[in-house]
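As provided, coords.pdb (PDB, C-alpha atoms, pLDDT in the B column) reads as follows.
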ATOM      1  CA  MET A  20       0.000   0.000   0.000  1.00 50.00           C
ATOM      2  CA  ASP A  21       1.355   3.396  -0.910  1.00 63.00           C
ATOM      3  CA  TYR A  22       0.840   5.929   1.837  1.00 74.00           C
ATOM      4  CA  ASP A  23       1.320   9.649   1.489  1.00 73.00           C
ATOM      5  CA  TYR A  24       0.137  11.683   4.466  1.00 71.00           C
ATOM      6  CA  ASP A  25      -2.139  14.543   3.456  1.00 78.00           C
ATOM      7  CA  ARG A  26      -0.992  17.501   5.578  1.00 76.00           C
ATOM      8  CA  SER A  27      -4.393  19.186   5.258  1.00 79.00           C
ATOM      9  CA  LEU A  28      -5.893  16.476   7.481  1.00 86.00           C
ATOM     10  CA  SER A  29      -6.504  17.122  11.151  1.00 93.00           C
ATOM     11  CA  PHE A  30      -5.466  13.862  12.833  1.00 95.00           C
ATOM     12  CA  ARG A  31      -4.982  10.150  12.241  1.00 94.00           C
ATOM     13  CA  ILE A  32      -7.159   7.681  14.144  1.00 97.00           C
ATOM     14  CA  VAL A  33      -5.819   4.136  14.483  1.00 97.00           C
ATOM     15  CA  LEU A  34      -8.008   1.205  15.516  1.00 97.00           C
ATOM     16  CA  TYR A  35      -5.872  -1.720  16.642  1.00 97.00           C
ATOM     17  CA  ASN A  36      -7.755  -5.011  16.099  1.00 96.00           C
ATOM     18  CA  PRO A  37     -11.305  -3.570  16.207  1.00 95.00           C
ATOM     19  CA  GLU A  38     -14.039  -6.024  17.144  1.00 91.00           C
ATOM     20  CA  ILE A  39     -17.403  -4.282  16.750  1.00 87.00           C
ATOM     21  CA  PRO A  40     -18.372  -3.129  13.250  1.00 89.00           C
ATOM     22  CA  GLN A  41     -20.858  -0.524  14.498  1.00 89.00           C
ATOM     23  CA  ASN A  42     -18.119   1.238  16.469  1.00 90.00           C
ATOM     24  CA  THR A  43     -15.848   1.276  13.429  1.00 92.00           C
ATOM     25  CA  GLY A  44     -18.660   2.645  11.256  1.00 90.00           C
ATOM     26  CA  ASN A  45     -19.386   5.430  13.740  1.00 91.00           C
ATOM     27  CA  ILE A  46     -15.677   6.237  14.059  1.00 94.00           C
ATOM     28  CA  GLY A  47     -15.474   6.446  10.267  1.00 93.00           C
ATOM     29  CA  ARG A  48     -18.242   9.067  10.348  1.00 93.00           C
ATOM     30  CA  LEU A  49     -16.350  10.982  13.034  1.00 95.00           C
ATOM     31  CA  CYS A  50     -13.235  10.913  10.872  1.00 95.00           C
ATOM     32  CA  ILE A  51     -15.098  12.342   7.901  1.00 93.00           C
ATOM     33  CA  GLY A  52     -16.584  15.117  10.044  1.00 93.00           C
ATOM     34  CA  ALA A  53     -13.149  15.957  11.420  1.00 96.00           C
ATOM     35  CA  ASN A  54     -11.181  15.518   8.177  1.00 95.00           C
ATOM     36  CA  ALA A  55      -9.141  12.741   9.809  1.00 96.00           C
ATOM     37  CA  GLU A  56      -7.709   9.520   8.418  1.00 95.00           C
ATOM     38  CA  LEU A  57      -8.817   6.145   9.729  1.00 95.00           C
ATOM     39  CA  HIS A  58      -6.228   3.377   9.976  1.00 96.00           C
ATOM     40  CA  ILE A  59      -7.293  -0.150  10.878  1.00 95.00           C
ATOM     41  CA  ILE A  60      -4.733  -2.682  12.043  1.00 96.00           C
ATOM     42  CA  LYS A  61      -5.699  -6.304  11.474  1.00 95.00           C
ATOM     43  CA  PRO A  62      -7.004  -8.640  12.566  1.00 92.00           C
ATOM     44  CA  MET A  63     -10.568  -7.350  12.670  1.00 89.00           C
ATOM     45  CA  ARG A  64     -13.518  -9.381  13.907  1.00 82.00           C
ATOM     46  CA  PHE A  65     -15.632  -8.378  10.919  1.00 77.00           C
ATOM     47  CA  PHE A  66     -15.324  -7.802   7.205  1.00 70.00           C
ATOM     48  CA  ILE A  67     -14.864  -4.272   5.895  1.00 77.00           C
ATOM     49  CA  ASN A  68     -18.123  -4.650   3.932  1.00 78.00           C
ATOM     50  CA  ASP A  69     -20.076  -5.723   7.041  1.00 66.00           C
ATOM     51  CA  LYS A  70     -23.691  -4.525   6.908  1.00 77.00           C
ATOM     52  CA  TYR A  71     -23.546  -3.179  10.491  1.00 68.00           C
ATOM     53  CA  LEU A  72     -20.397  -1.189   9.738  1.00 71.00           C
ATOM     54  CA  LYS A  73     -22.062   0.262   6.632  1.00 75.00           C
ATOM     55  CA  LYS A  74     -25.281   1.016   8.533  1.00 74.00           C
ATOM     56  CA  ALA A  75     -23.397   2.873  11.285  1.00 68.00           C
ATOM     57  CA  GLY A  76     -21.266   4.685   8.708  1.00 66.00           C
ATOM     58  CA  MET A  77     -24.393   5.448   6.690  1.00 72.00           C
ATOM     59  CA  ASP A  78     -23.883   6.780   3.190  1.00 76.00           C
ATOM     60  CA  TYR A  79     -20.699   8.492   4.413  1.00 76.00           C
ATOM     61  CA  TRP A  80     -18.616   5.305   4.622  1.00 81.00           C
ATOM     62  CA  GLU A  81     -17.378   5.604   1.035  1.00 84.00           C
ATOM     63  CA  LYS A  82     -15.831   8.991   1.930  1.00 89.00           C
ATOM     64  CA  VAL A  83     -13.676   7.633   4.763  1.00 90.00           C
ATOM     65  CA  LYS A  84      -9.935   8.098   4.174  1.00 93.00           C
ATOM     66  CA  LEU A  85      -9.321   4.477   5.109  1.00 91.00           C
ATOM     67  CA  PHE A  86      -6.059   2.550   5.338  1.00 94.00           C
ATOM     68  CA  ILE A  87      -5.881  -1.094   6.394  1.00 94.00           C
ATOM     69  CA  HIS A  88      -2.626  -2.560   7.707  1.00 96.00           C
ATOM     70  CA  ASP A  89      -1.746  -6.215   8.270  1.00 96.00           C
ATOM     71  CA  ASP A  90      -0.175  -5.607  11.678  1.00 96.00           C
ATOM     72  CA  TRP A  91       1.326  -2.960  13.970  1.00 94.00           C
ATOM     73  CA  ASN A  92       4.781  -3.066  12.380  1.00 92.00           C
ATOM     74  CA  SER A  93       3.297  -2.712   8.891  1.00 93.00           C
ATOM     75  CA  PHE A  94       1.396   0.361  10.060  1.00 92.00           C
ATOM     76  CA  LEU A  95       4.557   1.933  11.488  1.00 90.00           C
ATOM     77  CA  THR A  96       6.602   1.105   8.388  1.00 89.00           C
ATOM     78  CA  GLN A  97       4.001   2.114   5.799  1.00 88.00           C
ATOM     79  CA  CYS A  98       3.330   5.428   7.531  1.00 86.00           C
ATOM     80  CA  GLY A  99       7.004   6.151   8.261  1.00 82.00           C
ATOM     81  CA  ILE A 100       6.474   6.300  12.019  1.00 81.00           C
ATOM     82  CA  SER A 101       9.048   5.663  14.714  1.00 71.00           C
ATOM     83  CA  LEU A 102       7.545   5.550  18.193  1.00 66.00           C
ATOM     84  CA  LEU A 103      10.979   5.996  19.713  1.00 60.00           C
ATOM     85  CA  THR A 104      11.568   9.390  18.107  1.00 61.00           C
ATOM     86  CA  ASN A 105       8.113  10.585  17.066  1.00 58.00           C
ATOM     87  CA  ASN A 106       6.332  12.522  19.801  1.00 58.00           C
ATOM     88  CA  ASN A 107       3.073  12.916  17.918  1.00 89.00           C
ATOM     89  CA  ILE A 108       1.583   9.465  18.522  1.00 92.00           C
ATOM     90  CA  TYR A 109      -0.586   8.708  21.534  1.00 96.00           C
ATOM     91  CA  LEU A 110      -1.750   5.329  22.800  1.00 96.00           C
ATOM     92  CA  CYS A 111      -5.197   5.730  24.364  1.00 97.00           C
ATOM     93  CA  SER A 112      -5.855   3.368  27.260  1.00 97.00           C
ATOM     94  CA  THR A 113      -7.714   3.098  30.549  1.00 95.00           C
ATOM     95  CA  LYS A 114      -4.351   2.033  31.994  1.00 94.00           C
ATOM     96  CA  GLY A 115      -2.724   5.392  31.286  1.00 94.00           C
ATOM     97  CA  LYS A 116      -1.740   7.807  34.031  1.00 93.00           C
ATOM     98  CA  LYS A 117      -1.579  10.979  31.933  1.00 96.00           C
ATOM     99  CA  SER A 118      -4.912  12.573  30.989  1.00 97.00           C
ATOM    100  CA  TYR A 119      -5.595  13.486  27.371  1.00 97.00           C
ATOM    101  CA  THR A 120      -6.387  16.983  28.695  1.00 97.00           C
ATOM    102  CA  ASP A 121      -2.751  17.371  29.808  1.00 96.00           C
ATOM    103  CA  ILE A 122      -1.451  17.078  26.240  1.00 95.00           C
ATOM    104  CA  VAL A 123      -0.991  19.870  23.715  1.00 95.00           C
ATOM    105  CA  PHE A 124      -2.048  18.263  20.458  1.00 95.00           C
ATOM    106  CA  LYS A 125      -0.775  19.309  17.048  1.00 93.00           C
ATOM    107  CA  LYS A 126      -2.303  18.859  13.635  1.00 92.00           C
ATOM    108  CA  GLY A 127      -1.251  15.482  12.269  1.00 90.00           C
ATOM    109  CA  ASP A 128      -1.041  13.739  15.648  1.00 93.00           C
ATOM    110  CA  ILE A 129      -1.939  10.050  15.769  1.00 94.00           C
ATOM    111  CA  PHE A 130      -4.358   8.530  18.289  1.00 97.00           C
ATOM    112  CA  VAL A 131      -4.240   4.740  18.717  1.00 97.00           C
ATOM    113  CA  PHE A 132      -7.144   2.844  20.301  1.00 98.00           C
ATOM    114  CA  GLY A 133      -7.258  -0.847  21.185  1.00 97.00           C
ATOM    115  CA  PRO A 134      -9.937  -3.480  20.733  1.00 96.00           C
ATOM    116  CA  GLU A 135     -13.167  -3.068  22.662  1.00 94.00           C
ATOM    117  CA  SER A 136     -12.819  -6.169  24.852  1.00 92.00           C
ATOM    118  CA  ARG A 137      -9.232  -5.794  26.050  1.00 93.00           C
ATOM    119  CA  GLY A 138      -7.611  -2.549  24.940  1.00 95.00           C
ATOM    120  CA  LEU A 139      -4.071  -2.190  23.660  1.00 97.00           C
ATOM    121  CA  PRO A 140      -1.595  -4.975  24.488  1.00 96.00           C
ATOM    122  CA  GLU A 141       0.211  -4.583  27.799  1.00 96.00           C
ATOM    123  CA  GLU A 142       3.605  -5.012  26.104  1.00 94.00           C
ATOM    124  CA  MET A 143       2.865  -2.059  23.799  1.00 93.00           C
ATOM    125  CA  LEU A 144       1.742   0.113  26.711  1.00 96.00           C
ATOM    126  CA  ASN A 145       4.846  -0.795  28.703  1.00 94.00           C
ATOM    127  CA  LYS A 146       7.221  -0.244  25.794  1.00 89.00           C
ATOM    128  CA  TYR A 147       5.856   3.221  25.018  1.00 88.00           C
ATOM    129  CA  ASN A 148       4.514   4.212  28.444  1.00 91.00           C
ATOM    130  CA  ASP A 149       5.420   7.889  27.964  1.00 90.00           C
ATOM    131  CA  LYS A 150       2.962   8.009  25.036  1.00 92.00           C
ATOM    132  CA  VAL A 151      -0.039   6.516  26.878  1.00 96.00           C
ATOM    133  CA  ILE A 152      -2.981   8.819  27.616  1.00 97.00           C
ATOM    134  CA  THR A 153      -6.306   8.189  29.300  1.00 97.00           C
ATOM    135  CA  ILE A 154      -9.785   9.625  29.738  1.00 97.00           C
ATOM    136  CA  LYS A 155     -10.505  10.043  33.425  1.00 96.00           C
ATOM    137  CA  MET A 156     -13.656   8.304  34.695  1.00 94.00           C
ATOM    138  CA  THR A 157     -15.106   6.954  37.905  1.00 94.00           C
ATOM    139  CA  LYS A 158     -14.070   3.604  39.299  1.00 92.00           C
ATOM    140  CA  ASP A 159     -17.642   2.374  38.729  1.00 96.00           C
ATOM    141  CA  ILE A 160     -16.837   1.291  35.154  1.00 92.00           C
ATOM    142  CA  ARG A 161     -13.863  -0.322  33.401  1.00 90.00           C
ATOM    143  CA  SER A 162     -14.135   1.814  30.281  1.00 92.00           C
ATOM    144  CA  ILE A 163     -16.411   3.841  28.073  1.00 94.00           C
ATOM    145  CA  ASN A 164     -17.479   2.913  24.558  1.00 94.00           C
ATOM    146  CA  LEU A 165     -14.697   2.987  21.956  1.00 96.00           C
ATOM    147  CA  CYS A 166     -16.568   5.333  19.638  1.00 95.00           C
ATOM    148  CA  ASN A 167     -17.183   7.754  22.515  1.00 96.00           C
ATOM    149  CA  SER A 168     -13.511   7.592  23.502  1.00 97.00           C
ATOM    150  CA  VAL A 169     -12.410   8.412  19.964  1.00 98.00           C
ATOM    151  CA  ALA A 170     -14.886  11.313  19.828  1.00 98.00           C
ATOM    152  CA  ILE A 171     -13.669  12.752  23.141  1.00 98.00           C
ATOM    153  CA  VAL A 172      -9.971  12.691  22.218  1.00 98.00           C
ATOM    154  CA  LEU A 173     -10.467  13.683  18.574  1.00 98.00           C
ATOM    155  CA  TYR A 174     -12.654  16.672  19.387  1.00 97.00           C
ATOM    156  CA  GLU A 175     -10.304  17.838  22.129  1.00 97.00           C
ATOM    157  CA  GLY A 176      -7.587  17.761  19.489  1.00 97.00           C
ATOM    158  CA  LEU A 177      -9.795  19.728  17.090  1.00 96.00           C
ATOM    159  CA  ARG A 178     -10.557  22.286  19.801  1.00 96.00           C
ATOM    160  CA  GLN A 179      -6.855  22.741  20.456  1.00 96.00           C
ATOM    161  CA  ILE A 180      -6.059  23.338  16.783  1.00 95.00           C
ATOM    162  CA  ASN A 181      -8.987  25.776  16.579  1.00 93.00           C
ATOM    163  CA  PHE A 182     -10.922  23.402  14.304  1.00 91.00           C
ATOM    164  CA  ASP A 183      -8.380  23.993  11.541  1.00 85.00           C
ATOM    165  CA  PHE A 184      -9.212  20.843   9.614  1.00 75.00           C
ATOM    166  CA  TYR A 185      -9.578  21.970   6.016  1.00 68.00           C
TER     167      TYR A 185
END

Could you render the structure from this file as structure tokens?
Amino acid sequence: MDYDYDRSLSFRIVLYNPEIPQNTGNIGRLCIGANAELHIIKPMRFFINDKYLKKAGMDYWEKVKLFIHDDWNSFLTQCGISLLTNNNIYLCSTKGKKSYTDIVFKKGDIFVFGPESRGLPEEMLNKYNDKVITIKMTKDIRSINLCNSVAIVLYEGLRQINFDFY
């Protein structure tokens, strides 16, 4: 896959092993509304033409700037990303200590979200612990819905860049 980052985009959303097609469809709609790319890292628990994904994405799904990668390393290689030197990638997890509100986001930043049932792998969080951010919530729940999490972080990023996404 040839990848050339469009600098007019706001952010890049990465779904690592997504499991629920409706969430992915809704996140695709969010990406269109925010002029953001959507990257999916396999495996997925559904097909990209899943009827529930299409229903959630509505007639917008065809407009999603979508990239599908075989695995994490392929994503990093194809997009020219080095987590060791690139400070503009954030791993979003309930296990993070640093709040997303403590970060100053820049246009082009990358937000990575894990699968709905288990989140990002522990080894990834440990390896890049300085890049892990979280959404604060009460102890009464383990997590909030993936689509809601993406919306919260993405729109905070948009607010910080003064909604400069054209």

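For the choices A:Tyr22, A:Tyr109, A:Phe182, A:Trp91, the atom-to-atom distance to Ile122 in chain A is smallest for A:Tyr109 when using all atoms listed in the file.
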
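With all atoms listed in the file as the atoms that count, the residue of A:Asp23, A:Lys74, A:Ser29, A:Ser112 with the shortest distance to Pro134 in chain A is A:Ser112.
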
query: CA of Ala53 in chain A and CA of Asn164 in chain A are how many Å apart?
result: 19.0 Å

message: If I take CA of Leu49 in chain A and CA of Tyr79 in chain A, how far is one from the other in Å, to one decimal?
response: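 Calculated distance between CA of Leu49 in chain A and CA of Tyr79 in chain A is 10.0 Å.
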
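Proximity ranking of A:Lys126, A:Lys84, A:Arg137, A:Lys73 relative to Ile180 in chain A places A:Lys126 first, based on only C-alpha atoms.
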
- request: Can you work out which one of A:Asn54, A:Thr96, A:Gln41, A:Gly115 has the shortest atom-to-atom distance to Tyr147 in chain A, counting only C-alpha atoms?
  value: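 That would be A:Gly115, the residue with the smallest distance to Tyr147 in chain A.
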
Cut-off 10 Å around (-14.1, -7.0, 23.5) with all atoms listed in the file: residues as a PDB file with C-alpha atoms, in the coordinates of the input:
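Okay, selection_22.pdb is ready:
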ATOM      1  CA  ASN A  36      -7.755  -5.011  16.099  1.00 96.00           C
ATOM      2  CA  PRO A  37     -11.305  -3.570  16.207  1.00 95.00           C
ATOM      3  CA  GLU A  38     -14.039  -6.024  17.144  1.00 91.00           C
ATOM      4  CA  ILE A  39     -17.403  -4.282  16.750  1.00 87.00           C
ATOM      5  CA  ARG A  64     -13.518  -9.381  13.907  1.00 82.00           C
ATOM      6  CA  GLY A 133      -7.258  -0.847  21.185  1.00 97.00           C
ATOM      7  CA  PRO A 134      -9.937  -3.480  20.733  1.00 96.00           C
ATOM      8  CA  GLU A 135     -13.167  -3.068  22.662  1.00 94.00           C
ATOM      9  CA  SER A 136     -12.819  -6.169  24.852  1.00 92.00           C
ATOM     10  CA  ARG A 137      -9.232  -5.794  26.050  1.00 93.00           C
ATOM     11  CA  GLY A 138      -7.611  -2.549  24.940  1.00 95.00           C
TER      12      GLY A 138
END

message: Just want the 12 Å neighbourhood of Phe124 in chain A, counted on all atoms listed in the file, with same-chain residues fewer than 6 positions away dropped. Output as a PyMOL selection string.
response: chain A and resi 29-31+106-109+130+152+172-182

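Here CA of Asp89 in chain A and CA of Lys61 in chain A stand 5.1 Å from one another.
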
field: From A:Lys155, A:Arg161, A:Lys150, A:His88, residue lying nearest Thr120 in chain A [only C-alpha atoms]
entry: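 Once distances to Thr120 in chain A are computed over only C-alpha atoms, the minimum belongs to A:Lys155.
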
task: Name the residues in contact with Glu81 in chain A at a cut-off of 12 Å, using all atoms listed in the file, excluding same-chain residues fewer than 5 positions from it; report them as a PyMOL selection string.
output: chain A and resi 44+47-48+50-51+67-68+72-74+76

Residues matched by the PyMOL selection byres ((chain A and resi 90) around 12), written as a count of residues only: 21

Quick one: axis-aligned box around all listed atoms of range 155-173 of chain A, 5 Å on every side, centre and edge lengths in Å to one decimal, written as AutoDock Vina command-line options.
--center_x -13.8 --center_y 6.7 --center_z 28.9 --size_x 17.7 --size_y 24.0 --size_z 30.7

- request: Tell me which of A:Lys125, A:Lys70, A:Lys146, A:Lys158 sits closest to Leu28 in chain A, counting only C-alpha atoms.
  value: A:Lys125

- request: Do a neighbour search on Arg26 in chain A at 12 Å with only C-alpha atoms, toss out local chain neighbours closer than 6 positions, and write the hits as a PyMOL selection string.
  value: chain A and resi 54-56+125-128+183-185

Got a minute to add all heavy atoms to range 55-66 of chain A and dump it as an mmCIF file, in the coordinates of the input?
data_model
loop_
_atom_site.group_PDB
_atom_site.id
_atom_site.type_symbol
_atom_site.label_atom_id
_atom_site.label_comp_id
_atom_site.auth_asym_id
_atom_site.auth_seq_id
_atom_site.Cartn_x
_atom_site.Cartn_y
_atom_site.Cartn_z
ATOM 1 N N ALA A 55 -10.203 13.588 9.256
ATOM 2 C CA ALA A 55 -9.141 12.741 9.809
ATOM 3 C C ALA A 55 -9.061 11.434 9.023
ATOM 4 O O ALA A 55 -10.049 10.988 8.448
ATOM 5 C CB ALA A 55 -9.428 12.445 11.281
ATOM 6 N N GLU A 56 -7.880 10.839 9.011
ATOM 7 C CA GLU A 56 -7.709 9.520 8.418
ATOM 8 C C GLU A 56 -8.120 8.458 9.423
ATOM 9 O O GLU A 56 -7.997 8.653 10.634
ATOM 10 C CB GLU A 56 -6.243 9.263 8.069
ATOM 11 C CG GLU A 56 -5.727 10.021 6.899
ATOM 12 C CD GLU A 56 -4.259 9.726 6.625
ATOM 13 O OE1 GLU A 56 -3.553 9.147 7.486
ATOM 14 O OE2 GLU A 56 -3.818 10.114 5.548
ATOM 15 N N LEU A 57 -8.530 7.304 8.897
ATOM 16 C CA LEU A 57 -8.817 6.145 9.729
ATOM 17 C C LEU A 57 -7.908 5.008 9.287
ATOM 18 O O LEU A 57 -7.925 4.606 8.122
ATOM 19 C CB LEU A 57 -10.289 5.726 9.601
ATOM 20 C CG LEU A 57 -10.691 4.457 10.354
ATOM 21 C CD1 LEU A 57 -10.422 4.599 11.860
ATOM 22 C CD2 LEU A 57 -12.160 4.129 10.095
ATOM 23 N N HIS A 58 -7.111 4.511 10.231
ATOM 24 C CA HIS A 58 -6.228 3.377 9.976
ATOM 25 C C HIS A 58 -6.732 2.207 10.809
ATOM 26 O O HIS A 58 -6.979 2.364 12.010
ATOM 27 C CB HIS A 58 -4.787 3.702 10.390
ATOM 28 C CG HIS A 58 -4.172 4.764 9.537
ATOM 29 N ND1 HIS A 58 -3.304 4.474 8.514
ATOM 30 C CD2 HIS A 58 -4.310 6.113 9.548
ATOM 31 C CE1 HIS A 58 -2.921 5.595 7.929
ATOM 32 N NE2 HIS A 58 -3.517 6.604 8.547
ATOM 33 N N ILE A 59 -6.877 1.064 10.179
ATOM 34 C CA ILE A 59 -7.293 -0.150 10.878
ATOM 35 C C ILE A 59 -6.143 -1.142 10.804
ATOM 36 O O ILE A 59 -5.597 -1.397 9.729
ATOM 37 C CB ILE A 59 -8.564 -0.756 10.246
ATOM 38 C CG1 ILE A 59 -9.741 0.214 10.418
ATOM 39 C CG2 ILE A 59 -8.878 -2.115 10.866
ATOM 40 C CD1 ILE A 59 -11.021 -0.238 9.751
ATOM 41 N N ILE A 60 -5.793 -1.683 11.971
ATOM 42 C CA ILE A 60 -4.733 -2.682 12.043
ATOM 43 C C ILE A 60 -5.375 -4.041 12.295
ATOM 44 O O ILE A 60 -6.091 -4.222 13.285
ATOM 45 C CB ILE A 60 -3.709 -2.328 13.144
ATOM 46 C CG1 ILE A 60 -3.057 -0.976 12.805
ATOM 47 C CG2 ILE A 60 -2.676 -3.435 13.283
ATOM 48 C CD1 ILE A 60 -2.118 -0.468 13.850
ATOM 49 N N LYS A 61 -5.132 -4.956 11.375
ATOM 50 C CA LYS A 61 -5.699 -6.304 11.474
ATOM 51 C C LYS A 61 -5.067 -7.068 12.626
ATOM 52 O O LYS A 61 -3.968 -6.727 13.045
ATOM 53 C CB LYS A 61 -5.439 -7.062 10.164
ATOM 54 C CG LYS A 61 -6.182 -6.518 8.987
ATOM 55 C CD LYS A 61 -5.810 -7.359 7.778
ATOM 56 C CE LYS A 61 -6.477 -6.900 6.524
ATOM 57 N NZ LYS A 61 -6.085 -7.715 5.368
ATOM 58 N N PRO A 62 -5.748 -8.121 13.078
ATOM 59 C CA PRO A 62 -7.004 -8.640 12.566
ATOM 60 C C PRO A 62 -8.206 -7.851 13.074
ATOM 61 O O PRO A 62 -8.152 -7.214 14.119
ATOM 62 C CB PRO A 62 -7.039 -10.073 13.098
ATOM 63 C CG PRO A 62 -6.246 -10.028 14.368
ATOM 64 C CD PRO A 62 -5.191 -8.976 14.146
ATOM 65 N N MET A 63 -9.280 -7.920 12.287
ATOM 66 C CA MET A 63 -10.568 -7.350 12.670
ATOM 67 C C MET A 63 -11.519 -8.518 12.887
ATOM 68 O O MET A 63 -11.329 -9.576 12.297
ATOM 69 C CB MET A 63 -11.128 -6.456 11.554
ATOM 70 C CG MET A 63 -10.183 -5.371 11.085
ATOM 71 S SD MET A 63 -10.876 -4.397 9.723
ATOM 72 C CE MET A 63 -11.044 -5.608 8.434
ATOM 73 N N ARG A 64 -12.541 -8.317 13.674
ATOM 74 C CA ARG A 64 -13.518 -9.381 13.907
ATOM 75 C C ARG A 64 -14.726 -9.257 12.977
ATOM 76 O O ARG A 64 -15.784 -9.789 13.274
ATOM 77 C CB ARG A 64 -13.982 -9.369 15.355
ATOM 78 C CG ARG A 64 -12.937 -9.858 16.299
ATOM 79 C CD ARG A 64 -13.565 -10.654 17.403
ATOM 80 N NE ARG A 64 -12.556 -11.114 18.315
ATOM 81 C CZ ARG A 64 -12.714 -11.163 19.617
ATOM 82 N NH1 ARG A 64 -13.837 -10.774 20.157
ATOM 83 N NH2 ARG A 64 -11.741 -11.613 20.375
ATOM 84 N N PHE A 65 -14.559 -8.558 11.881
ATOM 85 C CA PHE A 65 -15.632 -8.378 10.919
ATOM 86 C C PHE A 65 -14.996 -8.075 9.570
ATOM 87 O O PHE A 65 -13.796 -7.796 9.487
ATOM 88 C CB PHE A 65 -16.575 -7.237 11.339
ATOM 89 C CG PHE A 65 -15.860 -5.947 11.626
ATOM 90 C CD1 PHE A 65 -15.596 -5.026 10.618
ATOM 91 C CD2 PHE A 65 -15.408 -5.651 12.912
ATOM 92 C CE1 PHE A 65 -14.909 -3.856 10.877
ATOM 93 C CE2 PHE A 65 -14.726 -4.468 13.180
ATOM 94 C CZ PHE A 65 -14.475 -3.572 12.158
ATOM 95 N N PHE A 66 -15.798 -8.159 8.537
ATOM 96 C CA PHE A 66 -15.324 -7.802 7.205
ATOM 97 C C PHE A 66 -15.584 -6.326 6.965
ATOM 98 O O PHE A 66 -16.534 -5.760 7.498
ATOM 99 C CB PHE A 66 -16.023 -8.647 6.126
ATOM 100 C CG PHE A 66 -15.667 -10.104 6.213
ATOM 101 C CD1 PHE A 66 -16.594 -11.025 6.674
ATOM 102 C CD2 PHE A 66 -14.408 -10.551 5.841
ATOM 103 C CE1 PHE A 66 -16.263 -12.375 6.760
ATOM 104 C CE2 PHE A 66 -14.075 -11.890 5.919
ATOM 105 C CZ PHE A 66 -15.006 -12.804 6.387
#
